[in-house]
Every structure is written in C-alpha cells, then in structure tokens.
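Asker: I am attaching a structure below and will ask some questions about it afterwards.
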Amino acid sequence: MTTRLSGFGLGMRRPHYAHYVAGEAPVDFVEVISENFMVAGGRPIDTLMRARAHYPVALHGVSLSVGSAETRSDDYLDRLKALVDRIEPAVVSDHLCWTGIGGFNSHDLLPVPLTEPALDIVCRAIDRAQSHLQRPMLFENPSSYIAFAGTMPEWEFLSEMVRRTGCGLLLDVNNIFVSATNHGLDPHGWLDGLPLHAVGQIHLAGHSKGEHGLIDTHDAPVDPAVWALYAEVIRRTGPLPTMIERDGNIPALDALADELMLARQAACAVVA
Amino acid sequence: MSGDLPLAALQQRFCDWLIEPDEDRARMIAAPMGVGPGLVVYQNNYRVALVEALREIHPRAAAWLGEDAFEMAAARHIDAHPPSNWTIDAYGTGFPDDLRASDAVAADLAAIDRAIGEAFVAADALPVTAAALADVDWDTAAIRPLPSLRLVPIATNADALWPALARDQDVPQATAAHGTVLVWRQGFEPVMRRADPTELLMLERSLAGGSFAAICAELAAQSDDAEAVTRAGTVLGRWLGESLVAEFA
C-alpha cells in the first residue's frame, strides 16, 4: 500500500543500511536512488524491502533525462515501473536535467537550456514518464554552474513545467543557493517566482567552494545560509517532507540525525 | 534554442566535449550558448564519477594496481570507452580486457570483481536439493544452473589472490595458471572457486541447453560409460551441495 510522505528523512546510504533494516533509524521516511535498486534480485532489493517495512520510501532517480532531445528507452521506464510496483513508494522523483544523447550517457545531471523548445521536450518526457508509471512525479531543480544565453529564469521554466504536466517539485534548497550564488542572484528572491504550491518534498545538502563557484557536492553539513533559506521556504509553504542528502564523507547515522533535528526545529518554529 | 542552436545539436556538442575535452571544443560550446568558466565543473564531475564507478566495480583490481596505476588505467578506459548504459553500474565491461595487455593479474582480478558484482544483483532463484532428483527424467533432463552463475576464464592465480586482497592479508605470489573460475551466489553471498575440466564441460553444455544424458554420452566417448556416469554424478552431487542448480528442465 502506498503511503504519504511526511516528516523528516534521510537518504538511505550503504554504511547505515543495518539501522534502516532493523527499523532503528530516527527518521520518518527514507529516500533511495532508484537506479541502485533497478536490478534483477539479490541483497539490494531485500534490503530495500526490509527498510520499507519500517519506513515510507521515496524513489529518487538520476537517469530519466527528461531534458534530452532524445527519448529515454522503454526499457528504463519498464524497470522503474517494476520497482515502483514492488516498493509502492510514497514519492517518485527525478531531476530537471539531461544525461546524454546519441547513445552516450554521462551519468551527470547536465544543464537544460531554459528555452521554449526545451520546455516542450521536457514536458513531453514528463508526460510520458507519468503516463508509464501511472502516477505523478516530482522533479528537482538542479544546481547549475553555467547560464545559457537567451533563456528564461529557472523559476519561470519550472512554473510552466508544473502547469503543463501536473508534476510536482522536489525543491532542493541547497541547489537554489548554489545556482543563485553562481549566477549572482539573490536566493531569497529566487523563491518569489517558484510555484511553491507544487512542492511535495524538500532536499537539503552540503556544498563546497570550487575554483569557479559553489559546487553541489553532498559531502559536508548543510551550510548555515541554506538553513536560513530553508526557514524562509517553510515560512512560505508550511512544513513539508524534508530530508538531508549526504553522499560523501558520510558520518555516523547519529550525526546525520542530529543535523536533521535542525530541520525539525525550523519546522516547529514555523508552526509555533 | 540557445544561440539558435537546436537542442539536439547543442547537446551533441556538449557530449563531444565531455568525451574529448579541448579548448576548441569548449569554445564551440561556449560561444553559441554564452556560458562561462563553470563549464569545467561538468567535465570534472563526469570523469570523477566514472573513475569512482570503475573503482567500486573493480575493488580488488584497484587494490592490486595501486592508486596511480589504477587512475591511469581508468583514465585511458574512460577516454576510449564513453559510457552508454542508463546505469553506471554497467560501466566498464571492457575494463578487464583493457588491463590485460599491461597486467594479466589485474585483468583477471577485474574480471572476477565484475562477475561477483553481477552475481550480487542477479535474478533470485531457489536452488534445488538432492531430494528433487527422485522426480527427474534422466533421459531428457537438462541442468539449469542458477541465474547468478558466471564463468570467468583466467590466465593467472588471481582466484587465490582475490580473497587475500579482499581481507587485506598477505597476497600470494602471482603465477600463470590458466583455468576458469565459477562465480555464483549462495543466498545473498557471492562465492567462487576454480572449475575442474569435467564440470566446466558439463556447465558449458548445460548452459547451451544440452541434456544430462547427452553430457554423459560425451564424457563416455572420453573414457567408458560407467566411469562417465560416475564422474557426471559426482559433479552433479557437488553442485547440489553448493546450491548451484536452479532446476532440472
């Protein structure tokens, strides 16, 4: 039975699997990378099913590639559908990005030029995926390190994408901060144009400072400026399902749970 | 599209540059798109992710080679073999072959690493037990091994080195030792051992759909009927004890 997502969660990563399988992790839900479990069998599926017995699961994909000028294969969507049917996740999400073309797959979340023709392509791909999965999806705003000439603002693109497809937004607050900083924009002003009514889940993560700006590395605690931006988001939206992604320098689960407590406190402050 | 460049053309240029980065290509992308120096972040992300994927998929080969040699081998592979599959876990199918020219042990270790990774996520199947033998029609029955079974030809004693590297123990002296390693999964745990010539023939024939009776006849042509049946029966008994058989079809 599919469960609604609520409360506060973490990305379920390998060093902490035993805690999730035992139901000992202090979280309200878990999120996993869909592709890691789109396999035929073995321990990964068993681990996810055991965690699923204790926590609602969000499936978060990295390979749907809705921004590619080429259509994603049915094989990919069939495998994702099989996983969705098996896990009955609370949420299925992916990114506003593309990953490759011409038989090449970069395995990176590449930037979509935010133009009208690209919007048509993205919306067609989202319609196709949602139809295949027979459920609405959430799509995450990306971190971007370049801005294309002659394009619309990201919030405008996302608003139209949501309006045309009925999809929701997975709002990555760190990505807003990274992109706004890299492009010399005010992250709080960025929020003004977003369709915040469509946000179904929030991501928080750490970033690092690179030679050419901020980079979305997921290998550090959430930055204080991102916490401030998160507080502003939920002040506008009310509490939303929120989680921390940590993919590098992964600390003990207790440390992540402590960090997640900051999100709980921010939500409590808004409700109060 | 950006700079009036159609999306497909823009994305193809971007991918060409990821695969083969140079200043001219970067300018070809940057000029029509109006992008800045942040472009290089994508180049770095692309290569770092693939190196880490190759390391994760081939951990014992990486340990054998050492950091510098592994990174050089990975970089060469990435330049020669851009990824195409939707899952990064499938990347590097040709990596063991790429290593063979320079280091046969590393190549064999990588092939075993890869087979173990594939077995780890292969389709589930309950192994049959000796109790199932009573219902088998031996005139027509064919042995179906578990879906996780992989046959890995090797040229060295990498199968002896692999466990030592996995446990961070003293690694035996590397030597030439041609043979085939069987990798499969018992429950959720991948296991491996070297195959003997009789069982290798039996497995190859079984995987090709050959019946047990036909396999016995082929073995009999090498010795005599009674010895062939005994040899085949001994191997089959070992497989049943090792949870290697999925069914008798």
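Identifiers for the structure tokens are assigned positionally: chains receive A, B, ... in sequence, residues are indexed from 1 per chain, and ligands are indexed from 1 in the order shown.
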Could you build a table of the residues in chain A lying no more than 8 Å from chain B, giving for each the nearest pair of atoms and their separation in Å rounded to one decimal place, using only C-alpha atoms, ordered by chain and ascending residue number, as a Markdown table?

Answerer:
```
| residue | atom | partner | partner_atom | distance |
| --- | --- | --- | --- | --- |
| A:Glu35 | CA | B:Thr87 | CA | 6.5 |
| A:Val39 | CA | B:Val121 | CA | 6.0 |
| A:Ala40 | CA | B:Ala123 | CA | 4.5 |
| A:Gly41 | CA | B:Ala123 | CA | 4.4 |
| A:Gly42 | CA | B:Val121 | CA | 4.7 |
| A:Arg43 | CA | B:Phe188 | CA | 5.5 |
| A:Pro44 | CA | B:Val121 | CA | 7.2 |
| A:Ser63 | CA | B:Trp86 | CA | 6.2 |
| A:Ser68 | CA | B:Ala8 | CA | 7.7 |
| A:Ala69 | CA | B:Ala8 | CA | 5.1 |
| A:Glu70 | CA | B:Ala8 | CA | 7.6 |
| A:Tyr76 | CA | B:Trp86 | CA | 7.4 |
| A:Gly100 | CA | B:Cys15 | CA | 6.8 |
| A:Ile101 | CA | B:Gln12 | CA | 6.4 |
| A:Gly102 | CA | B:Gln12 | CA | 7.2 |
| A:Gly103 | CA | B:Ser84 | CA | 5.5 |
| A:Phe104 | CA | B:Ser84 | CA | 4.5 |
| A:Asn105 | CA | B:Ser84 | CA | 4.8 |
| A:Ser106 | CA | B:Tyr46 | CA | 6.2 |
| A:His107 | CA | B:Ile88 | CA | 6.6 |
| A:Asp108 | CA | B:Tyr46 | CA | 6.0 |
| A:Leu110 | CA | B:Tyr42 | CA | 7.3 |
| A:Pro113 | CA | B:Ser2 | CA | 6.7 |
| A:Thr115 | CA | B:Met1 | CA | 6.2 |
| A:Glu116 | CA | B:Met1 | CA | 7.8 |
| A:Pro117 | CA | B:Met1 | CA | 6.6 |
| A:Ala118 | CA | B:Leu7 | CA | 7.0 |
| A:Tyr145 | CA | B:Gly38 | CA | 4.8 |
| A:Ile146 | CA | B:Gly38 | CA | 5.4 |
| A:Ala147 | CA | B:Val35 | CA | 5.6 |
| A:Phe148 | CA | B:Met33 | CA | 5.1 |
| A:Ala149 | CA | B:Gly34 | CA | 4.9 |
| A:Gly150 | CA | B:Ser2 | CA | 6.0 |
| A:Thr151 | CA | B:Ser2 | CA | 7.0 |
| A:His212 | CA | B:Gly38 | CA | 5.5 |
| A:Gly213 | CA | B:Gly38 | CA | 7.3 |
| A:Ile215 | CA | B:Val41 | CA | 8.0 |
```

Asker: Store the residues of this selection in a file with N, CA and C atoms, as an mmCIF file, in the first residue's frame.

Answerer:
```
data_model
loop_
_atom_site.group_PDB
_atom_site.id
_atom_site.type_symbol
_atom_site.label_atom_id
_atom_site.label_comp_id
_atom_site.auth_asym_id
_atom_site.auth_seq_id
_atom_site.Cartn_x
_atom_site.Cartn_y
_atom_site.Cartn_z
ATOM 1 N N GLU A 35 17.943 3.943 -9.362
ATOM 2 C CA GLU A 35 18.749 3.086 -10.239
ATOM 3 C C GLU A 35 19.538 2.033 -9.459
ATOM 4 N N VAL A 39 17.445 -3.566 -10.227
ATOM 5 C CA VAL A 39 18.264 -4.745 -10.521
ATOM 6 C C VAL A 39 17.370 -5.972 -10.467
ATOM 7 N N ALA A 40 17.890 -7.099 -10.934
ATOM 8 C CA ALA A 40 17.065 -8.308 -11.032
ATOM 9 C C ALA A 40 16.736 -8.894 -9.665
ATOM 10 N N GLY A 41 17.702 -8.907 -8.755
ATOM 11 C CA GLY A 41 17.456 -9.531 -7.451
ATOM 12 C C GLY A 41 18.639 -9.353 -6.531
ATOM 13 N N GLY A 42 18.737 -10.218 -5.523
ATOM 14 C CA GLY A 42 19.867 -10.161 -4.609
ATOM 15 C C GLY A 42 19.603 -9.281 -3.396
ATOM 16 N N ARG A 43 20.684 -9.011 -2.673
ATOM 17 C CA ARG A 43 20.556 -8.317 -1.398
ATOM 18 C C ARG A 43 20.001 -6.882 -1.504
ATOM 19 N N PRO A 44 20.352 -6.110 -2.551
ATOM 20 C CA PRO A 44 19.829 -4.735 -2.579
ATOM 21 C C PRO A 44 18.307 -4.661 -2.468
ATOM 22 N N SER A 63 18.476 9.131 -13.837
ATOM 23 C CA SER A 63 18.733 8.775 -15.238
ATOM 24 C C SER A 63 17.542 8.942 -16.168
ATOM 25 N N SER A 68 16.624 15.635 -22.350
ATOM 26 C CA SER A 68 17.373 15.214 -23.533
ATOM 27 C C SER A 68 16.517 15.342 -24.786
ATOM 28 N N ALA A 69 17.164 15.745 -25.869
ATOM 29 C CA ALA A 69 16.455 15.826 -27.148
ATOM 30 C C ALA A 69 16.075 14.437 -27.657
ATOM 31 N N GLU A 70 16.683 13.403 -27.041
ATOM 32 C CA GLU A 70 16.331 12.020 -27.395
ATOM 33 C C GLU A 70 15.441 11.425 -26.315
ATOM 34 N N TYR A 76 14.171 1.423 -19.715
ATOM 35 C CA TYR A 76 14.396 2.143 -18.462
ATOM 36 C C TYR A 76 13.081 2.346 -17.719
ATOM 37 N N GLY A 100 22.525 12.590 -21.466
ATOM 38 C CA GLY A 100 23.304 12.203 -22.636
ATOM 39 C C GLY A 100 22.470 12.234 -23.891
ATOM 40 N N ILE A 101 23.109 11.918 -24.997
ATOM 41 C CA ILE A 101 22.443 11.900 -26.298
ATOM 42 C C ILE A 101 23.302 11.039 -27.240
ATOM 43 N N GLY A 102 22.671 10.517 -28.286
ATOM 44 C CA GLY A 102 23.416 9.763 -29.291
ATOM 45 C C GLY A 102 24.055 8.500 -28.749
ATOM 46 N N GLY A 103 23.390 7.833 -27.801
ATOM 47 C CA GLY A 103 23.926 6.605 -27.240
ATOM 48 C C GLY A 103 24.957 6.825 -26.147
ATOM 49 N N PHE A 104 25.225 8.063 -25.814
ATOM 50 C CA PHE A 104 26.185 8.402 -24.755
ATOM 51 C C PHE A 104 25.414 8.782 -23.494
ATOM 52 N N ASN A 105 25.854 8.280 -22.343
ATOM 53 C CA ASN A 105 25.224 8.651 -21.077
ATOM 54 C C ASN A 105 26.310 9.113 -20.116
ATOM 55 N N SER A 106 26.291 10.380 -19.779
ATOM 56 C CA SER A 106 27.376 10.970 -18.984
ATOM 57 C C SER A 106 27.335 10.560 -17.521
ATOM 58 N N HIS A 107 26.159 10.123 -17.042
ATOM 59 C CA HIS A 107 25.943 9.854 -15.621
ATOM 60 C C HIS A 107 26.164 11.114 -14.782
ATOM 61 N N ASP A 108 25.946 12.263 -15.393
ATOM 62 C CA ASP A 108 25.933 13.519 -14.648
ATOM 63 C C ASP A 108 24.614 14.218 -14.961
ATOM 64 N N LEU A 110 23.174 17.084 -16.351
ATOM 65 C CA LEU A 110 23.643 18.171 -17.216
ATOM 66 C C LEU A 110 22.559 19.251 -17.345
ATOM 67 N N PRO A 113 19.109 24.014 -21.325
ATOM 68 C CA PRO A 113 18.895 25.418 -21.696
ATOM 69 C C PRO A 113 17.416 25.745 -21.482
ATOM 70 N N THR A 115 14.718 27.187 -22.484
ATOM 71 C CA THR A 115 14.064 27.833 -23.621
ATOM 72 C C THR A 115 12.692 27.199 -23.858
ATOM 73 N N GLU A 116 11.904 27.832 -24.711
ATOM 74 C CA GLU A 116 10.573 27.286 -25.050
ATOM 75 C C GLU A 116 10.677 25.918 -25.714
ATOM 76 N N PRO A 117 11.546 25.748 -26.723
ATOM 77 C CA PRO A 117 11.645 24.407 -27.326
ATOM 78 C C PRO A 117 12.067 23.332 -26.321
ATOM 79 N N ALA A 118 12.981 23.687 -25.416
ATOM 80 C CA ALA A 118 13.404 22.711 -24.400
ATOM 81 C C ALA A 118 12.250 22.408 -23.445
ATOM 82 N N TYR A 145 25.993 25.454 -13.001
ATOM 83 C CA TYR A 145 27.314 26.097 -12.965
ATOM 84 C C TYR A 145 27.526 26.988 -14.184
ATOM 85 N N ILE A 146 26.548 26.932 -15.100
ATOM 86 C CA ILE A 146 26.596 27.811 -16.277
ATOM 87 C C ILE A 146 25.193 28.350 -16.523
ATOM 88 N N ALA A 147 25.138 29.498 -17.167
ATOM 89 C CA ALA A 147 23.849 30.064 -17.577
ATOM 90 C C ALA A 147 23.888 30.226 -19.087
ATOM 91 N N PHE A 148 22.877 29.696 -19.769
ATOM 92 C CA PHE A 148 22.826 29.821 -21.216
ATOM 93 C C PHE A 148 22.292 31.198 -21.609
ATOM 94 N N ALA A 149 22.773 31.687 -22.745
ATOM 95 C CA ALA A 149 22.280 32.976 -23.237
ATOM 96 C C ALA A 149 20.860 32.812 -23.779
ATOM 97 N N GLY A 150 20.067 33.855 -23.641
ATOM 98 C CA GLY A 150 18.747 33.875 -24.262
ATOM 99 C C GLY A 150 17.768 32.891 -23.686
ATOM 100 N N THR A 151 17.837 32.661 -22.399
ATOM 101 C CA THR A 151 16.929 31.699 -21.773
ATOM 102 C C THR A 151 16.087 32.387 -20.705
ATOM 103 N N HIS A 212 35.439 27.774 -9.625
ATOM 104 C CA HIS A 212 34.518 28.566 -10.442
ATOM 105 C C HIS A 212 33.175 28.787 -9.760
ATOM 106 N N GLY A 213 33.153 28.677 -8.446
ATOM 107 C CA GLY A 213 31.903 28.930 -7.728
ATOM 108 C C GLY A 213 31.566 27.792 -6.795
ATOM 109 N N ILE A 215 29.830 24.307 -5.585
ATOM 110 C CA ILE A 215 29.552 23.012 -6.225
ATOM 111 C C ILE A 215 28.717 22.163 -5.264
#
```

Asker: Residues of range 104-148 of chain B within 12 Å of range 152-155 of chain B: nearest atom pair and distance (Å, one decimal) for each, counting only C-alpha atoms, sorted by chain and number, as JSON lines?

Answerer:
```
{"residue": "B:Ala104", "atom": "CA", "partner": "B:Ala155", "partner_atom": "CA", "distance": 7.1}
{"residue": "B:Val105", "atom": "CA", "partner": "B:Ala155", "partner_atom": "CA", "distance": 7.8}
{"residue": "B:Ala106", "atom": "CA", "partner": "B:Ile154", "partner_atom": "CA", "distance": 10.6}
{"residue": "B:Ala107", "atom": "CA", "partner": "B:Ile154", "partner_atom": "CA", "distance": 8.5}
{"residue": "B:Asp108", "atom": "CA", "partner": "B:Ile154", "partner_atom": "CA", "distance": 5.5}
{"residue": "B:Leu109", "atom": "CA", "partner": "B:Ile154", "partner_atom": "CA", "distance": 8.7}
{"residue": "B:Ala110", "atom": "CA", "partner": "B:Ile154", "partner_atom": "CA", "distance": 10.3}
{"residue": "B:Ala111", "atom": "CA", "partner": "B:Val152", "partner_atom": "CA", "distance": 6.8}
{"residue": "B:Ile112", "atom": "CA", "partner": "B:Val152", "partner_atom": "CA", "distance": 6.7}
{"residue": "B:Asp113", "atom": "CA", "partner": "B:Val152", "partner_atom": "CA", "distance": 10.2}
{"residue": "B:Arg114", "atom": "CA", "partner": "B:Val152", "partner_atom": "CA", "distance": 9.6}
{"residue": "B:Ala115", "atom": "CA", "partner": "B:Val152", "partner_atom": "CA", "distance": 7.3}
{"residue": "B:Ile116", "atom": "CA", "partner": "B:Val152", "partner_atom": "CA", "distance": 10.1}
{"residue": "B:Glu118", "atom": "CA", "partner": "B:Val152", "partner_atom": "CA", "distance": 11.9}
{"residue": "B:Ala119", "atom": "CA", "partner": "B:Val152", "partner_atom": "CA", "distance": 11.9}
```

Asker: Quick one: everything within 8 Å of Thr129 in chain B, counting only C-alpha atoms, minus sequence neighbours fewer than 5 positions away in the same chain. Send it as JSON, numbers by chain.

Answerer: {"B": [240, 241, 243]}

Asker: Next, dump the selected residues to file, keeping only C-alpha atoms, as a tab-separated table (two decimals), in the first residue's frame.

Answerer:
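Once everything was written out, this is selection.tsv:
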```tsv
chain	number	residue	atom	x	y	z
B	240	LEU	CA	23.62	-29.70	-5.45
B	241	GLY	CA	25.62	-29.41	-2.24
B	243	SER	CA	23.42	-24.65	-4.22
```

Asker: Nearest to Gly168 in chain A: which of A:Asp258, A:Asp216, A:Glu24, A:Asp94 is it, counting only C-alpha atoms?

Answerer: A:Asp94

Asker: In terms of the shortest atom-to-atom distance over only C-alpha atoms, which of A:Ser143, A:Ser73, A:Ser65, A:Ser34 is closest to Pro89 in chain A?

Answerer: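 Under the stated criterion, the closest residue is A:Ser34.
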
Asker: Mind checking DSSP for range 43-235 of chain B and telling me the alpha helix (DSSP H) residues as a ChimeraX atom specification?

Answerer: /B:43-57,59-65,67-80,95-100,104-120,158-166,197-207,212-220,225-235

Asker: Output the selection as a short mmCIF file (atom, residue, chain, number, x, y, z; two decimals), in the first residue's frame - C-alpha atoms for each residue.

Answerer:
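The resulting file, selection_7.cif, is shown below:
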```cif
data_model
loop_
_atom_site.label_atom_id
_atom_site.label_comp_id
_atom_site.auth_asym_id
_atom_site.auth_seq_id
_atom_site.Cartn_x
_atom_site.Cartn_y
_atom_site.Cartn_z
CA GLN B 43 33.92 17.90 -17.17
CA ASN B 44 35.29 17.19 -13.71
CA ASN B 45 32.03 15.63 -12.45
CA TYR B 46 31.90 13.36 -15.50
CA ARG B 47 35.40 11.97 -15.09
CA VAL B 48 35.41 11.70 -11.30
CA ALA B 49 32.12 9.76 -11.32
CA LEU B 50 33.42 7.27 -13.89
CA VAL B 51 36.74 6.73 -12.12
CA GLU B 52 34.91 6.10 -8.86
CA ALA B 53 32.48 3.73 -10.60
CA LEU B 54 35.37 1.72 -12.07
CA ARG B 55 36.99 1.58 -8.62
CA GLU B 56 33.77 0.45 -6.94
CA ILE B 57 33.06 -2.22 -9.55
CA PRO B 59 37.92 -3.05 -6.00
CA ARG B 60 40.46 -5.90 -5.96
CA ALA B 61 41.95 -4.92 -9.30
CA ALA B 62 42.26 -1.35 -7.98
CA ALA B 63 43.97 -2.60 -4.81
CA TRP B 64 46.37 -4.74 -6.84
CA LEU B 65 47.31 -1.91 -9.21
CA GLU B 67 46.30 4.30 -6.73
CA ASP B 68 48.40 5.84 -9.52
CA ALA B 69 48.33 2.86 -11.89
CA PHE B 70 44.61 2.37 -11.36
CA GLU B 71 43.79 6.02 -12.06
CA MET B 72 45.90 5.97 -15.22
CA ALA B 73 44.21 2.77 -16.41
CA ALA B 74 40.79 4.23 -15.57
CA ALA B 75 41.55 7.46 -17.43
CA ARG B 76 42.63 5.51 -20.53
CA HIS B 77 39.47 3.41 -20.38
CA ILE B 78 37.21 6.46 -19.99
CA ASP B 79 38.84 8.14 -22.99
CA ALA B 80 38.44 5.01 -25.13
CA PHE B 95 37.93 -2.73 -18.45
CA PRO B 96 39.35 -6.20 -17.67
CA ASP B 97 40.32 -6.64 -21.34
CA ASP B 98 41.92 -3.18 -21.38
CA LEU B 99 44.12 -4.17 -18.44
CA ARG B 100 45.26 -7.47 -19.97
CA ALA B 104 47.32 -10.09 -16.62
CA VAL B 105 46.77 -10.42 -12.87
CA ALA B 106 44.92 -7.10 -12.72
CA ALA B 107 42.86 -8.15 -15.73
CA ASP B 108 41.86 -11.44 -14.08
CA LEU B 109 41.11 -9.73 -10.77
CA ALA B 110 38.95 -7.18 -12.58
CA ALA B 111 37.07 -9.95 -14.40
CA ILE B 112 36.39 -11.71 -11.08
CA ASP B 113 35.38 -8.40 -9.45
CA ARG B 114 32.94 -7.79 -12.24
CA ALA B 115 31.45 -11.30 -12.17
CA ILE B 116 30.95 -11.06 -8.40
CA GLY B 117 29.18 -7.71 -8.83
CA GLU B 118 26.91 -9.20 -11.48
CA ALA B 119 26.15 -12.26 -9.37
CA PHE B 120 25.33 -10.00 -6.40
CA ALA B 158 44.05 -14.36 -9.43
CA ASP B 159 41.41 -16.57 -7.80
CA ALA B 160 43.90 -17.19 -4.97
CA LEU B 161 44.96 -13.54 -4.79
CA TRP B 162 41.41 -12.17 -4.74
CA PRO B 163 40.44 -13.39 -1.23
CA ALA B 164 43.74 -12.17 0.21
CA LEU B 165 43.19 -8.71 -1.27
CA ALA B 166 39.58 -8.71 -0.04
CA PRO B 197 37.75 -29.71 -16.65
CA THR B 198 34.86 -32.18 -16.35
CA GLU B 199 32.49 -29.78 -14.66
CA LEU B 200 33.49 -26.97 -16.99
CA LEU B 201 32.45 -29.14 -19.94
CA MET B 202 29.22 -30.07 -18.12
CA LEU B 203 28.42 -26.45 -17.33
CA GLU B 204 29.11 -25.24 -20.85
CA ARG B 205 26.90 -27.96 -22.31
CA SER B 206 24.17 -27.35 -19.72
CA LEU B 207 24.18 -23.59 -20.34
CA PHE B 212 22.41 -34.62 -18.85
CA ALA B 213 22.21 -37.82 -20.94
CA ALA B 214 23.99 -36.13 -23.84
CA ILE B 215 26.68 -34.83 -21.49
CA CYS B 216 27.21 -38.35 -20.11
CA ALA B 217 27.49 -39.69 -23.67
CA GLU B 218 30.13 -37.09 -24.47
CA LEU B 219 32.08 -37.96 -21.33
CA ALA B 220 31.75 -41.66 -22.17
CA ASP B 225 30.09 -45.49 -19.84
CA ALA B 226 30.32 -46.42 -16.18
CA GLU B 227 33.14 -44.03 -15.42
CA ALA B 228 31.39 -41.21 -17.31
CA VAL B 229 28.18 -41.60 -15.32
CA THR B 230 30.17 -41.75 -12.10
CA ARG B 231 32.13 -38.61 -12.97
CA ALA B 232 28.99 -36.71 -14.03
CA GLY B 233 27.12 -37.88 -10.96
CA THR B 234 29.93 -36.78 -8.67
CA VAL B 235 29.98 -33.30 -10.22
#
```
